[in-house]
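Working notes, structure below.
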Amino acid sequence: MGGNWKMQITRLGEAERIAENIAAAIENVSSVEVFIAPSFNALNSVGLTITKTKLKLAGQNMHYHEKGAFTGEISVLSLIEAGCEYVILGHSERRRIFGEKDDTINQKVLLAINHGLKPVLCIGETAEERANGRTAEVNQSQLAGSLRNVSAQQLQNVIIAYEPVWAIDNKFLNPNIEIKPATPEQASEAHMIVRDWIRKHYGQESAANIPIIYGGSMKEKNATELLTIEDIDGGLVGGASLSAEAFVPIIRSAEKLAKGEDKFEWDSNTLRFNE
Ligand code: 13P
């Protein structure tokens, strides 16, 4: 489970406080790995705040060179020094607002892996692409472009985040549509497309092992029905990760499901829990 804080928490003290609260609340979580991705300026101090806790740290982006004259960018080495274990790469906000392309995302993925940082590679189609029947094609092409020259062994350190752009709670990405989370059926279908692509290009073992997580308006109220889906291995949460009150119940849902504590069944399109 990842919390992508985007550019939402602008004060250091607030970032530290939220991180501390999340870390305290997940002390007894044992079956789910949790990370948060604060703004770059907060990485060092949040990293210090959460050392010796179960909460992990992630960067929201990085440059594809290790170091150099790249104004406004951040180096993989800085992320590692701050204590990051993960880095979110190719987020739709990077792709669609800042024009990032698969070939640079691919260089970043390779650089992160070579430095022992785990990429959380984001992919996803827009509302228009989906309406035009291009969902599979767009996601497959982003996978092919972003994972070029990534070996099966290297893939063991990669997490894929399927984030349909139309489900991301972001008016800049989605100016003209009503933003809604993917339905379980839509999410399930897309995750199957991603896993099938991995199977075709990397084989059954890689497909079975790679975590494919869902992002896009995940909240407490829809987390369980999404996380129950066989091909959904976790979530990348934006808005609902900005406080422990909103994020921790989602993590608890994931923990319960991972431990098989919730007994549930599908009744047509409704998820029913047995007492
Ligand atoms: P929201 O959960 O705010 O829709 O954001 C999802 C996301 O983009 C996570 O990376």
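Chain labels follow the order of the structure tokens: the first chain is A, the next B, and so on; residue numbering restarts at 1 in every chain, and ligands are counted from 1 in their shown order.
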
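Non-sequential neighbours of A:Val150 (distance at most 9 Å, separation of 5 or more positions within a chain, only C-alpha atoms) are A:Asn106, A:Val109, A:Leu110, A:Leu155.
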
Can I get the residues close to ligand 1 as a JSON list (two decimals) with N, CA and C atoms, in the first residue's frame, where close means within 7 Å and we count only C-alpha atoms and all ligand atoms?
[["chain", "number", "residue", "atom", "x", "y", "z"],
["A", 4, "ASN", "N", 0.66, 8.36, -1.90],
["A", 4, "ASN", "CA", 1.32, 9.36, -2.75],
["A", 4, "ASN", "C", 0.80, 10.73, -2.33],
["A", 91, "HIS", "N", 4.16, 8.44, -13.14],
["A", 91, "HIS", "CA", 2.79, 8.76, -12.70],
["A", 91, "HIS", "C", 2.07, 9.55, -13.79],
["A", 163, "GLU", "N", -3.22, 2.84, -12.76],
["A", 163, "GLU", "CA", -4.01, 3.99, -12.32],
["A", 163, "GLU", "C", -4.75, 4.58, -13.53],
["A", 167, "ALA", "N", -9.84, 7.98, -13.15],
["A", 167, "ALA", "CA", -10.24, 7.68, -11.77],
["A", 167, "ALA", "C", -9.40, 8.47, -10.76],
["A", 168, "ILE", "N", -8.36, 9.12, -11.23],
["A", 168, "ILE", "CA", -7.48, 9.88, -10.32],
["A", 168, "ILE", "C", -8.17, 11.20, -9.96],
["A", 169, "ASP", "N", -8.25, 11.44, -8.68],
["A", 169, "ASP", "CA", -8.99, 12.61, -8.21],
["A", 169, "ASP", "C", -8.17, 13.88, -8.48],
["A", 170, "ASN", "N", -8.19, 14.30, -9.73],
["A", 170, "ASN", "CA", -7.35, 15.42, -10.15],
["A", 170, "ASN", "C", -8.04, 16.15, -11.31],
["A", 215, "GLY", "N", -4.62, 2.27, -8.38],
["A", 215, "GLY", "CA", -4.72, 3.64, -7.86],
["A", 215, "GLY", "C", -5.80, 4.40, -8.59],
["A", 216, "GLY", "N", -6.50, 5.28, -7.88],
["A", 216, "GLY", "CA", -7.55, 6.11, -8.47],
["A", 216, "GLY", "C", -8.76, 6.15, -7.56],
["A", 217, "SER", "N", -8.82, 7.21, -6.72],
["A", 217, "SER", "CA", -9.96, 7.41, -5.81],
["A", 217, "SER", "C", -10.19, 6.23, -4.88],
["A", 218, "MET", "N", -9.13, 5.59, -4.44],
["A", 218, "MET", "CA", -9.31, 4.52, -3.44],
["A", 218, "MET", "C", -9.54, 5.17, -2.08],
["A", 236, "LEU", "N", -2.40, 2.29, -4.56],
["A", 236, "LEU", "CA", -1.62, 3.53, -4.51],
["A", 236, "LEU", "C", -2.65, 4.64, -4.28],
["A", 237, "VAL", "N", -2.55, 5.24, -3.12],
["A", 237, "VAL", "CA", -3.62, 6.12, -2.64],
["A", 237, "VAL", "C", -3.13, 7.56, -2.63],
["A", 238, "GLY", "N", -3.92, 8.45, -3.21],
["A", 238, "GLY", "CA", -3.57, 9.87, -3.20],
["A", 238, "GLY", "C", -4.25, 10.58, -2.05],
["A", 239, "GLY", "N", -5.40, 11.18, -2.33],
["A", 239, "GLY", "CA", -6.12, 12.00, -1.36],
["A", 239, "GLY", "C", -6.34, 11.33, -0.01],
["A", 240, "ALA", "N", -6.67, 10.04, -0.05],
["A", 240, "ALA", "CA", -6.98, 9.35, 1.22],
["A", 240, "ALA", "C", -5.73, 8.88, 1.96]]

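The space separating atom CA of A:Gly68 from atom CA of A:Ile9 comes to 27.8 Å.
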
List as a tab-separated table (two decimals) with N, CA, C and O atoms, in the first residue's frame the protein and nucleic acid residues near A:His65, meaning an atom at most 9 Å away when only C-alpha atoms are counted, but skip any in the same chain fewer than 4 places from it.
chain	number	residue	atom	x	y	z
A	70	PHE	N	21.09	19.39	-13.93
A	70	PHE	CA	19.67	19.23	-14.28
A	70	PHE	C	18.83	20.02	-13.28
A	70	PHE	O	18.36	19.47	-12.27
A	75	SER	N	18.12	13.45	-7.66
A	75	SER	CA	18.93	12.29	-8.01
A	75	SER	C	18.50	11.04	-7.24
A	75	SER	O	18.08	11.12	-6.08
A	76	VAL	N	18.67	9.91	-7.89
A	76	VAL	CA	18.45	8.61	-7.24
A	76	VAL	C	19.29	8.52	-5.96
A	76	VAL	O	18.85	7.95	-4.96
A	107	GLN	N	14.40	4.74	-18.73
A	107	GLN	CA	15.76	4.99	-18.20
A	107	GLN	C	15.73	5.13	-16.68
A	107	GLN	O	16.65	4.71	-15.98
A	108	LYS	N	14.67	5.77	-16.18
A	108	LYS	CA	14.54	5.93	-14.73
A	108	LYS	C	14.34	4.57	-14.05
A	108	LYS	O	14.92	4.31	-13.00
A	111	LEU	N	17.65	2.82	-13.95
A	111	LEU	CA	18.58	3.46	-12.99
A	111	LEU	C	18.17	3.12	-11.55
A	111	LEU	O	19.02	2.79	-10.71
